[in-house]
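Here the structure comes first, spelled out in C-alpha cells, and everything after it is commentary.
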Amino acid sequence: MRNFLSRALAVCSLLGACHAVQAEPQALASVYTVQAPQGQWVVRALTHATHCPGIAWDGQPPVAMHLRAAQGTVAVRRDAAQADSKPAIFDVTSCEATWPAHAQSARIEGQAVPAPPKQIERILIVADTGCRLKASENAFQACNDADQWPFAQIAQSAARLQPDLVVHIGDVHYRESPCPAGNTGCAQATWGYGWDAWRDDFFKPAAPLLARAPWLFVRGNHESCFRAGQGWFRFLDALPWTDQRNCNTPDNDADGDFSEPFAAMISDSAQFIVFDSSKSSGKAYAPTDPAFLKYQKQLQAAAELTTHKAQNFFINHHPLLAAAPSKDPHHFKAGGSAGLQSVFETLEPDRLFPPGVTVAMHGHVHVFEAISFQSNHPVSLVMGNSGSLNEGQAPHVIKPTDRIYKNAVVSNYAARSEYGFATLDRSVKAGQASWLLTEYTPQGQPVIRCHVQNGKSDCQ
Ligand SMILES: [Fe+2]
C-alpha cells in the first residue's frame with residue numbers, strides 16, 4: 001500500500017513566487033527524459049498525486065513542473081482494437097518540464113533525472129518490447145517467465161552499457177487482452193490501455209534504463225489511436241499533449257494518428273529523422289487514399305529536414321527494405337511495408353529514401369537484420385527482437401538475386417532471430433564518422449558486429 005504521509009515542499013514558479021505543496025514521498029511513479037525536436041529535451045514525471053512535483057535544476061529550489069495530462073478514465077473507443085476492451089484508467093498525472101540549456105543536473109523529489117548528453121557516442125536501440133496478450137490472435141506470451149519475455153533482462157543488461165541515448169523504435173505496449181483462465185504463463189497480468197498495463201509492460205521493466213539516459217521514442221502500430229495511443233500521448237510522445245493529439249476519440253484521429261516528422265540531434269553532422277508510420281497499411285495505397293496523401297506530404301517535409309545534415313538516420317517503425325521471418329530460414333521472402341513503399345517510391349522511385357538518408361532504422365519485424373546494398377539504397381536495420389513474441393526466423397542468407405525491393409541488390413547481410421538489443425557506437429577518424437553496430441543477447445553478450453559508414457554496412 002502506498003504511504004500517503006505527506007511533507008511540505010516549497011515549490012517556486014518561474015516568476016519566483018513560492019508556495020508550499022504537499023509531497024507524497026511514494027507518489028512518484030516514474031521520472032525520465034525524452035528527446036524532442038529542435039534540440040530540446042523534456043523531463044517527464046508520472047505521479048499518483050493530482051498535482052505536479054517540483055523539479056530542482058542544479059541544486060536550486062524546485063520549480064513546479066507543468067501539467068501534461070491530468071488523471072482520468074477514458075471510455076472505450078467505438079473502434080477499439082479488441083472486442084474485450086475496457087475503459088482506460090490513467091491514475092497517474094503526467095507532468096513535464098523543458099530542460100534549460102544552462103542546466104547541468106536536475107532532481108525531482110530527490111530523485112536524479114537523466115541529463116541530456118553533451119555528446120552522443122553510444123546509442124542503445126530496442127523495439128517491440130512488450131508482452132503480447134492479444135485475444136483476436138489467440139496469442140498469449142508468458143509475461144511471468146523472464147526467458148519467454150526477456151525485456152526486463154534486456155533493460156538491465158543495456159543499462160550496464162551506459163548509453164548516452166536510448167532509442168525505442170515502437171511497439172511499447174502489447175497487453176491488450178486478459179490472460180485466459182488457467183494459463184499460468186500470464187496469470188494475473190494487467191491488461192488494457194490504462195496505466196497499470198503500461199506500468200507492467202514498460203515502465204517497471206525499463207526502470208534501470210529510464211534512469212540511465214534520455215530516450216527517443218518512435219511510435220509503433222501498437223501505439224496508434226485505436227490501440228494504446230492514449231498512453232502514447234500521455235507518456236512518450238515528444239510534442240505537446242493537446243485536445244486533438246490524445247487519441248481519446250476517433251473524431252481527432254486525422255491529427256492523432258499522423259504526427260509530423262521531426263529531426264533529433266545526434267552530432268554536428270548527423271541527425272535522426274523521426275517518422276510516424278504507426279497507422280500505415282501493409283498494402284499499397286491508392287493515390288487518392290487520404291492516408292497516402294498525408295504520408296506523402298509528411299515524407300516531403302522529412303526530405304526537407306534531411307538537407308540540414310550530411311548524415312541522416314531515418315527512423316520509423318515499419319521497415320521498407322527487409323526480409324520477412326518465416327518457419328523456414330532457408331526461404332527468402334521480402335518483408336518491407338508495401339504501404340510505405342507505395343508512398344516513398346513517388347518521391348524516390350529508385351532508393352525510396354531521400355538522398356541524404358544513409359541509414360534506415362526500424363522495428364515491427366521481431367528479428368535483427370542488418371542489410372547493405374550494392375545498389376544505392378541506404379543501410380536497412382531491423383531491430384524488433386527486444387522482448388515481444390518471436391514470429392519466426394530471419395533467412396540465413398539473402399542472395400543478390402533475392403529482391404528485397406525492385407532493383408535493390410543486397411551485398412552484405414546479417415541476421416539473428418533470438419531476443420536481443422543493439423548499440424551504435426560512434427567513432428571519428430580523420431574527420432570521417434563511422435559507427436560500430438553491435439547486436440547483443442538479452443544477457444549483454446555481443447554476438448554480431450557491423451561497421452557502418454557512408455550508407456553501407458559490413459557485418460562480421
Ligand atoms: Fe509493429
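Residue numbering restarts at 1 in every chain; chains get A, B, ... in the order shown in the C-alpha cells, and ligands count up from 1 in that same order.
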>> Let me see if you get this right: every residue at most 6 Å from ligand 1, counting only C-alpha atoms and all ligand atoms, written as a list of chain:residue names.
In response: A:Asp171, A:Gly220, A:Asn221, A:His364
Selection above as a file: C-alpha atoms, as an mmCIF file, in the first residue's frame:
```cif
data_model
loop_
_atom_site.group_PDB
_atom_site.id
_atom_site.type_symbol
_atom_site.label_atom_id
_atom_site.label_comp_id
_atom_site.auth_asym_id
_atom_site.auth_seq_id
_atom_site.Cartn_x
_atom_site.Cartn_y
_atom_site.Cartn_z
ATOM 1 C CA ASP A 171 5.515 -1.172 -30.168
ATOM 2 C CA GLY A 220 4.678 1.761 -33.482
ATOM 3 C CA ASN A 221 1.382 0.396 -34.744
ATOM 4 C CA HIS A 364 7.999 -4.206 -36.214
#
```
Just the strand (DSSP E or B) stuff from segment 138-359 of chain A, please, per backbone DSSP, written as a PDB file with N, CA and C atoms, in the first residue's frame.
```pdb
ATOM      1  N   ALA A 139      -3.082 -15.050 -28.985  1.00  0.00           N
ATOM      2  CA  ALA A 139      -1.634 -15.013 -28.696  1.00  0.00           C
ATOM      3  C   ALA A 139      -1.425 -14.522 -27.268  1.00  0.00           C
ATOM      4  N   PHE A 140      -0.882 -15.404 -26.434  1.00  0.00           N
ATOM      5  CA  PHE A 140      -0.667 -15.055 -25.036  1.00  0.00           C
ATOM      6  C   PHE A 140       0.749 -15.450 -24.622  1.00  0.00           C
ATOM      7  N   LEU A 165      22.167   7.683 -25.115  1.00  0.00           N
ATOM      8  CA  LEU A 165      20.786   7.855 -25.555  1.00  0.00           C
ATOM      9  C   LEU A 165      20.192   6.468 -25.796  1.00  0.00           C
ATOM     10  N   VAL A 166      18.931   6.300 -25.436  1.00  0.00           N
ATOM     11  CA  VAL A 166      18.217   5.057 -25.740  1.00  0.00           C
ATOM     12  C   VAL A 166      17.141   5.379 -26.776  1.00  0.00           C
ATOM     13  N   VAL A 167      17.073   4.570 -27.813  1.00  0.00           N
ATOM     14  CA  VAL A 167      16.052   4.759 -28.845  1.00  0.00           C
ATOM     15  C   VAL A 167      15.104   3.562 -28.806  1.00  0.00           C
ATOM     16  N   HIS A 168      13.821   3.845 -28.699  1.00  0.00           N
ATOM     17  CA  HIS A 168      12.809   2.784 -28.780  1.00  0.00           C
ATOM     18  C   HIS A 168      12.056   2.969 -30.091  1.00  0.00           C
ATOM     19  N   ARG A 175      -0.119  -5.401 -24.034  1.00  0.00           N
ATOM     20  CA  ARG A 175      -1.047  -6.116 -23.132  1.00  0.00           C
ATOM     21  C   ARG A 175      -2.485  -5.661 -23.378  1.00  0.00           C
ATOM     22  N   TRP A 215      15.688   9.175 -23.558  1.00  0.00           N
ATOM     23  CA  TRP A 215      15.128   8.276 -24.577  1.00  0.00           C
ATOM     24  C   TRP A 215      14.558   9.079 -25.735  1.00  0.00           C
ATOM     25  N   LEU A 216      14.686   8.490 -26.922  1.00  0.00           N
ATOM     26  CA  LEU A 216      13.964   8.959 -28.102  1.00  0.00           C
ATOM     27  C   LEU A 216      12.930   7.887 -28.433  1.00  0.00           C
ATOM     28  N   PHE A 217      11.663   8.273 -28.447  1.00  0.00           N
ATOM     29  CA  PHE A 217      10.597   7.305 -28.710  1.00  0.00           C
ATOM     30  C   PHE A 217      10.054   7.472 -30.125  1.00  0.00           C
ATOM     31  N   PHE A 262       9.990  14.869 -37.431  1.00  0.00           N
ATOM     32  CA  PHE A 262      10.895  15.858 -36.858  1.00  0.00           C
ATOM     33  C   PHE A 262      12.324  15.332 -36.848  1.00  0.00           C
ATOM     34  N   ALA A 263      13.262  16.267 -36.710  1.00  0.00           N
ATOM     35  CA  ALA A 263      14.687  15.910 -36.633  1.00  0.00           C
ATOM     36  C   ALA A 263      15.116  15.916 -35.177  1.00  0.00           C
ATOM     37  N   ALA A 264      15.948  14.957 -34.797  1.00  0.00           N
ATOM     38  CA  ALA A 264      16.522  14.906 -33.447  1.00  0.00           C
ATOM     39  C   ALA A 264      18.032  14.780 -33.583  1.00  0.00           C
ATOM     40  N   MET A 265      18.722  15.584 -32.833  1.00  0.00           N
ATOM     41  CA  MET A 265      20.167  15.732 -32.976  1.00  0.00           C
ATOM     42  C   MET A 265      20.948  14.470 -32.551  1.00  0.00           C
ATOM     43  N   ALA A 270      25.222  14.704 -37.936  1.00  0.00           N
ATOM     44  CA  ALA A 270      24.254  13.605 -38.069  1.00  0.00           C
ATOM     45  C   ALA A 270      22.991  13.883 -37.261  1.00  0.00           C
ATOM     46  N   GLN A 271      21.874  13.376 -37.764  1.00  0.00           N
ATOM     47  CA  GLN A 271      20.606  13.540 -37.054  1.00  0.00           C
ATOM     48  C   GLN A 271      19.676  12.364 -37.371  1.00  0.00           C
ATOM     49  N   PHE A 272      18.734  12.161 -36.454  1.00  0.00           N
ATOM     50  CA  PHE A 272      17.625  11.256 -36.724  1.00  0.00           C
ATOM     51  C   PHE A 272      16.513  12.036 -37.418  1.00  0.00           C
ATOM     52  N   ILE A 273      15.858  11.381 -38.373  1.00  0.00           N
ATOM     53  CA  ILE A 273      14.599  11.892 -38.904  1.00  0.00           C
ATOM     54  C   ILE A 273      13.527  10.931 -38.400  1.00  0.00           C
ATOM     55  N   VAL A 274      12.687  11.420 -37.497  1.00  0.00           N
ATOM     56  CA  VAL A 274      11.682  10.573 -36.847  1.00  0.00           C
ATOM     57  C   VAL A 274      10.372  10.681 -37.624  1.00  0.00           C
ATOM     58  N   GLN A 311      24.579  13.417 -42.601  1.00  0.00           N
ATOM     59  CA  GLN A 311      24.155  12.037 -42.354  1.00  0.00           C
ATOM     60  C   GLN A 311      22.785  12.026 -41.711  1.00  0.00           C
ATOM     61  N   ASN A 312      21.885  11.268 -42.288  1.00  0.00           N
ATOM     62  CA  ASN A 312      20.532  11.176 -41.732  1.00  0.00           C
ATOM     63  C   ASN A 312      20.177   9.721 -41.460  1.00  0.00           C
ATOM     64  N   PHE A 313      19.768   9.472 -40.220  1.00  0.00           N
ATOM     65  CA  PHE A 313      19.280   8.158 -39.821  1.00  0.00           C
ATOM     66  C   PHE A 313      17.750   8.252 -39.812  1.00  0.00           C
ATOM     67  N   PHE A 314      17.148   7.702 -40.851  1.00  0.00           N
ATOM     68  CA  PHE A 314      15.675   7.745 -40.966  1.00  0.00           C
ATOM     69  C   PHE A 314      15.108   6.654 -40.071  1.00  0.00           C
ATOM     70  N   ILE A 315      14.223   7.053 -39.169  1.00  0.00           N
ATOM     71  CA  ILE A 315      13.797   6.091 -38.158  1.00  0.00           C
ATOM     72  C   ILE A 315      12.276   6.067 -38.069  1.00  0.00           C
ATOM     73  N   ALA A 323      13.794  -8.516 -44.964  1.00  0.00           N
ATOM     74  CA  ALA A 323      13.344  -9.876 -45.255  1.00  0.00           C
ATOM     75  C   ALA A 323      12.323 -10.261 -44.193  1.00  0.00           C
ATOM     76  N   SER A 326      10.180 -16.371 -41.233  1.00  0.00           N
ATOM     77  CA  SER A 326       9.300 -17.488 -41.605  1.00  0.00           C
ATOM     78  C   SER A 326       9.701 -18.722 -40.810  1.00  0.00           C
ATOM     79  N   ALA A 334      10.499 -11.204 -49.240  1.00  0.00           N
ATOM     80  CA  ALA A 334      10.642  -9.781 -48.914  1.00  0.00           C
ATOM     81  C   ALA A 334       9.647  -9.413 -47.819  1.00  0.00           C
ATOM     82  N   VAL A 357      19.683  10.281 -46.694  1.00  0.00           N
ATOM     83  CA  VAL A 357      19.494   9.200 -45.714  1.00  0.00           C
ATOM     84  C   VAL A 357      20.542   8.114 -45.958  1.00  0.00           C
ATOM     85  N   THR A 358      21.393   7.876 -44.960  1.00  0.00           N
ATOM     86  CA  THR A 358      22.429   6.855 -45.080  1.00  0.00           C
ATOM     87  C   THR A 358      22.028   5.556 -44.390  1.00  0.00           C
ATOM     88  N   VAL A 359      21.204   5.677 -43.348  1.00  0.00           N
ATOM     89  CA  VAL A 359      20.780   4.501 -42.586  1.00  0.00           C
ATOM     90  C   VAL A 359      19.280   4.612 -42.318  1.00  0.00           C
TER      91      VAL A 359
END
```
Which segment 331-431 of chain A residues have any atom within 9 Å of an atom of segment 112-132 of chain A, and for each, what is the nearest pair of atoms with distance in Å to one decimal, counting only C-alpha atoms, rows sorted by chain and number, as a tab-separated table?
```
residue	atom	partner	partner_atom	distance
A:His362	CA	A:Ala127	CA	8.0
A:Gly363	CA	A:Ala127	CA	5.4
A:His364	CA	A:Asp128	CA	6.4
A:Val365	CA	A:Asp128	CA	8.3
A:His366	CA	A:Asp128	CA	7.1
A:Met383	CA	A:Ala127	CA	6.1
A:Gly384	CA	A:Ala127	CA	4.7
A:Asn385	CA	A:Asp128	CA	6.4
A:Ser386	CA	A:Thr129	CA	4.9
A:Gly387	CA	A:Thr129	CA	4.4
A:Ser388	CA	A:Thr129	CA	5.2
A:Leu389	CA	A:Arg132	CA	6.4
A:Gly420	CA	A:Val126	CA	8.2
A:Phe421	CA	A:Val126	CA	5.4
A:Ala422	CA	A:Ile125	CA	5.2
A:Thr423	CA	A:Leu124	CA	4.5
A:Leu424	CA	A:Ile123	CA	5.1
A:Asp425	CA	A:Arg122	CA	4.6
A:Arg426	CA	A:Glu121	CA	5.0
A:Ser427	CA	A:Glu121	CA	7.5
```
>> Excluding Lys333 of chain A and its own-chain neighbours fewer than 5 positions away, which residues fall within 12 Å of it when counting only C-alpha atoms? Please give them as a list in words.
In response: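 These residues fall inside the cut-off: Leu321, Ala322, Ala323, Ala324, Pro325, Ser326, Lys327, Asp328, Gln393, Ala394, Pro395, His396, Val397, Ile398, Lys399, Thr401, Asp402, Arg403, Ile404 and Tyr405 of chain A.
If you count only C-alpha atoms and ignore residues fewer than 3 places along the chain from Phe368 of chain A, what sits within 6 Å of it is Val382, Met383, Ala415 and Arg416 of chain A.
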>> I need the alpha helix (DSSP H) residues of segment 168-397 of chain A per DSSP on the backbone, written as a PyMOL selection string.
In response: chain A and resi 195-198+207-210+229-231+253-256+290-306+338-347
Mind writing the picked residues with N, CA and C atoms as a CSV table (one decimal), in the first residue's frame?
```
chain,number,residue,atom,x,y,z
A,195,TRP,N,-3.0,2.8,-17.2
A,195,TRP,CA,-1.7,3.0,-16.6
A,195,TRP,C,-1.1,1.6,-16.1
A,196,ASP,N,-2.0,0.8,-15.5
A,196,ASP,CA,-1.4,-0.4,-14.9
A,196,ASP,C,-0.7,-1.4,-15.9
A,197,ALA,N,-1.3,-1.5,-17.1
A,197,ALA,CA,-0.7,-2.3,-18.2
A,197,ALA,C,0.6,-1.6,-18.7
A,198,TRP,N,0.5,-0.3,-18.9
A,198,TRP,CA,1.7,0.5,-19.3
A,198,TRP,C,2.9,0.3,-18.3
A,207,ALA,N,12.8,0.4,-16.0
A,207,ALA,CA,13.3,1.4,-15.0
A,207,ALA,C,14.8,1.6,-15.0
A,208,PRO,N,15.6,0.6,-15.0
A,208,PRO,CA,17.1,0.8,-14.9
A,208,PRO,C,17.6,1.6,-16.1
A,209,LEU,N,16.9,1.4,-17.3
A,209,LEU,CA,17.4,2.1,-18.5
A,209,LEU,C,16.8,3.5,-18.6
A,210,LEU,N,15.6,3.7,-18.0
A,210,LEU,CA,15.0,5.0,-18.0
A,210,LEU,C,15.8,5.9,-17.0
A,229,GLY,N,-2.8,4.3,-28.1
A,229,GLY,CA,-2.5,5.7,-28.5
A,229,GLY,C,-2.6,6.7,-27.3
A,230,GLN,N,-3.6,6.4,-26.4
A,230,GLN,CA,-3.9,7.4,-25.3
A,230,GLN,C,-2.6,7.4,-24.4
A,231,GLY,N,-2.1,6.2,-24.1
A,231,GLY,CA,-0.9,6.2,-23.3
A,231,GLY,C,0.3,6.7,-24.0
A,253,ASP,N,-8.6,11.5,-35.0
A,253,ASP,CA,-7.5,10.6,-35.5
A,253,ASP,C,-6.7,11.2,-36.7
A,254,ALA,N,-7.4,12.1,-37.5
A,254,ALA,CA,-6.6,12.6,-38.6
A,254,ALA,C,-5.4,13.4,-38.1
A,255,ASP,N,-5.5,14.0,-36.9
A,255,ASP,CA,-4.3,14.5,-36.2
A,255,ASP,C,-3.6,13.5,-35.4
A,256,GLY,N,-4.4,12.8,-34.6
A,256,GLY,CA,-3.7,11.9,-33.6
A,256,GLY,C,-2.9,10.8,-34.2
A,290,PRO,N,-6.7,9.2,-48.4
A,290,PRO,CA,-6.2,10.3,-47.6
A,290,PRO,C,-4.9,10.0,-46.8
A,291,ALA,N,-4.7,8.7,-46.4
A,291,ALA,CA,-3.5,8.4,-45.7
A,291,ALA,C,-2.3,8.5,-46.6
A,292,PHE,N,-2.5,8.1,-47.9
A,292,PHE,CA,-1.4,8.2,-48.9
A,292,PHE,C,-1.0,9.7,-49.0
A,293,LEU,N,-2.0,10.5,-49.1
A,293,LEU,CA,-1.7,12.0,-49.4
A,293,LEU,C,-1.1,12.6,-48.1
A,294,LYS,N,-1.5,12.1,-47.0
A,294,LYS,CA,-0.9,12.6,-45.7
A,294,LYS,C,0.6,12.2,-45.6
A,295,TYR,N,0.8,10.9,-45.8
A,295,TYR,CA,2.2,10.4,-45.7
A,295,TYR,C,3.1,11.0,-46.7
A,296,GLN,N,2.5,11.2,-47.9
A,296,GLN,CA,3.3,11.8,-49.0
A,296,GLN,C,3.8,13.2,-48.6
A,297,LYS,N,2.9,14.0,-48.0
A,297,LYS,CA,3.2,15.3,-47.6
A,297,LYS,C,4.2,15.3,-46.5
A,298,GLN,N,4.0,14.4,-45.6
A,298,GLN,CA,5.0,14.2,-44.4
A,298,GLN,C,6.4,13.8,-44.9
A,299,LEU,N,6.4,12.9,-45.9
A,299,LEU,CA,7.7,12.5,-46.4
A,299,LEU,C,8.4,13.7,-47.1
A,300,GLN,N,7.7,14.5,-47.8
A,300,GLN,CA,8.3,15.7,-48.4
A,300,GLN,C,8.9,16.6,-47.3
A,301,ALA,N,8.2,16.7,-46.1
A,301,ALA,CA,8.7,17.5,-45.0
A,301,ALA,C,9.9,16.9,-44.4
A,302,ALA,N,9.9,15.5,-44.3
A,302,ALA,CA,11.1,14.8,-43.8
A,302,ALA,C,12.3,15.0,-44.8
A,303,ALA,N,12.0,14.9,-46.1
A,303,ALA,CA,13.1,15.1,-47.1
A,303,ALA,C,13.7,16.5,-46.9
A,304,GLU,N,12.9,17.5,-46.6
A,304,GLU,CA,13.4,18.8,-46.4
A,304,GLU,C,14.3,18.8,-45.2
A,305,LEU,N,13.9,18.2,-44.1
A,305,LEU,CA,14.7,18.1,-42.9
A,305,LEU,C,16.1,17.5,-43.2
A,306,THR,N,16.2,16.5,-44.1
A,306,THR,CA,17.4,15.8,-44.3
A,306,THR,C,18.5,16.7,-44.9
A,338,ALA,N,4.5,-2.7,-48.0
A,338,ALA,CA,4.1,-2.3,-49.3
A,338,ALA,C,3.4,-0.9,-49.2
A,339,GLY,N,2.7,-0.7,-48.1
A,339,GLY,CA,2.0,0.6,-48.0
A,339,GLY,C,3.0,1.8,-48.0
A,340,LEU,N,4.0,1.7,-47.2
A,340,LEU,CA,5.0,2.8,-47.2
A,340,LEU,C,5.8,2.8,-48.5
A,341,GLN,N,6.1,1.7,-49.0
A,341,GLN,CA,6.8,1.7,-50.3
A,341,GLN,C,6.0,2.5,-51.4
A,342,SER,N,4.7,2.3,-51.4
A,342,SER,CA,3.9,2.9,-52.4
A,342,SER,C,3.9,4.4,-52.2
A,343,VAL,N,4.1,4.9,-51.0
A,343,VAL,CA,4.2,6.4,-50.8
A,343,VAL,C,5.7,6.8,-51.1
A,344,PHE,N,6.6,6.1,-50.6
A,344,PHE,CA,8.0,6.6,-50.7
A,344,PHE,C,8.5,6.6,-52.1
A,345,GLU,N,8.0,5.6,-52.9
A,345,GLU,CA,8.5,5.5,-54.3
A,345,GLU,C,8.0,6.6,-55.2
A,346,THR,N,7.0,7.4,-54.7
A,346,THR,CA,6.6,8.5,-55.5
A,346,THR,C,7.6,9.6,-55.4
A,347,LEU,N,8.3,9.7,-54.3
A,347,LEU,CA,9.3,10.8,-54.1
A,347,LEU,C,10.7,10.3,-54.6
```
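When only C-alpha atoms are used to compute distances to Gln60 of chain A, the closest of the residues A:Glu418, A:Gln104, A:Ala80, A:Val42 turns out to be A:Gln104.
Compared by their closest atoms to Leu161 of chain A, and using only C-alpha atoms, the residues A:Gly185, A:Asp257, A:Ala414, A:Ala213 rank with A:Ala213 nearest.
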> Quick one: of A:His51, A:Arg44, A:Lys279, A:Arg77, who's nearest to Ala27 of chain A, counting only C-alpha atoms?
Replying inline: A:His51
> Neighbours of segment 95-99 of chain A within 7 Å (only C-alpha atoms; same-chain residues fewer than 6 positions away dropped), as a PyMOL selection string?
Replying inline: chain A and resi 41-46+52+65-69
The selected residues should be written to file as an mmCIF file, in the first residue's frame (atoms: C-alpha atoms).
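Result file follows (selection_5.cif):
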```cif
data_model
loop_
_atom_site.group_PDB
_atom_site.id
_atom_site.type_symbol
_atom_site.label_atom_id
_atom_site.label_comp_id
_atom_site.auth_asym_id
_atom_site.auth_seq_id
_atom_site.Cartn_x
_atom_site.Cartn_y
_atom_site.Cartn_z
ATOM 1 C CA TRP A 41 14.937 17.690 -24.070
ATOM 2 C CA VAL A 42 11.830 17.262 -21.941
ATOM 3 C CA VAL A 43 11.753 15.808 -18.430
ATOM 4 C CA ARG A 44 8.640 13.795 -17.640
ATOM 5 C CA ALA A 45 7.339 12.817 -14.212
ATOM 6 C CA LEU A 46 4.395 10.473 -13.650
ATOM 7 C CA CYS A 52 2.818 18.058 -10.426
ATOM 8 C CA MET A 65 6.587 21.097 -13.421
ATOM 9 C CA HIS A 66 3.823 21.702 -15.955
ATOM 10 C CA LEU A 67 0.752 19.513 -16.207
ATOM 11 C CA ARG A 68 0.820 17.457 -19.407
ATOM 12 C CA ALA A 69 -2.240 15.256 -18.846
#
```
>> Just to confirm, what's the straight-line distance from atom CA of Asp268 of chain A to atom CA of Val379 of chain A in Å (one decimal)?
In response: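 Taking atom CA of Asp268 of chain A and atom CA of Val379 of chain A, their separation equals 20.8 Å.
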> Pick from A:Leu133, A:Ala433, A:Ala284, A:Val218: nearest to Ser259 of chain A, with only C-alpha atoms counted?
Replying inline: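 Using only C-alpha atoms, the shortest distance to Ser259 of chain A belongs to A:Val218.
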>> Ranking A:Ser269, A:Thr93, A:Thr249, A:Ser337 by minimum distance to Lys283 of chain A and counting only C-alpha atoms, which one comes first?
In response: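 Smallest distance to Lys283 of chain A is found for A:Ser337.
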>> Nearest residue to Ser177 of chain A out of A:Ser278, A:Ser267, A:Gln82, A:Ser94, using only C-alpha atoms?
In response: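 Result for the nearest residue to Ser177 of chain A: A:Gln82.
Those residues that approach Pro205 of chain A to within 10 Å, counting only C-alpha atoms, are A:Thr129, A:Gly130, A:Pro150, A:Phe151, A:Ala152, A:Gln153, A:Ile154, A:Ala155, A:Gln156, A:Arg199, A:Asp200, A:Leu210; same-chain residues fewer than 5 positions away are not listed.
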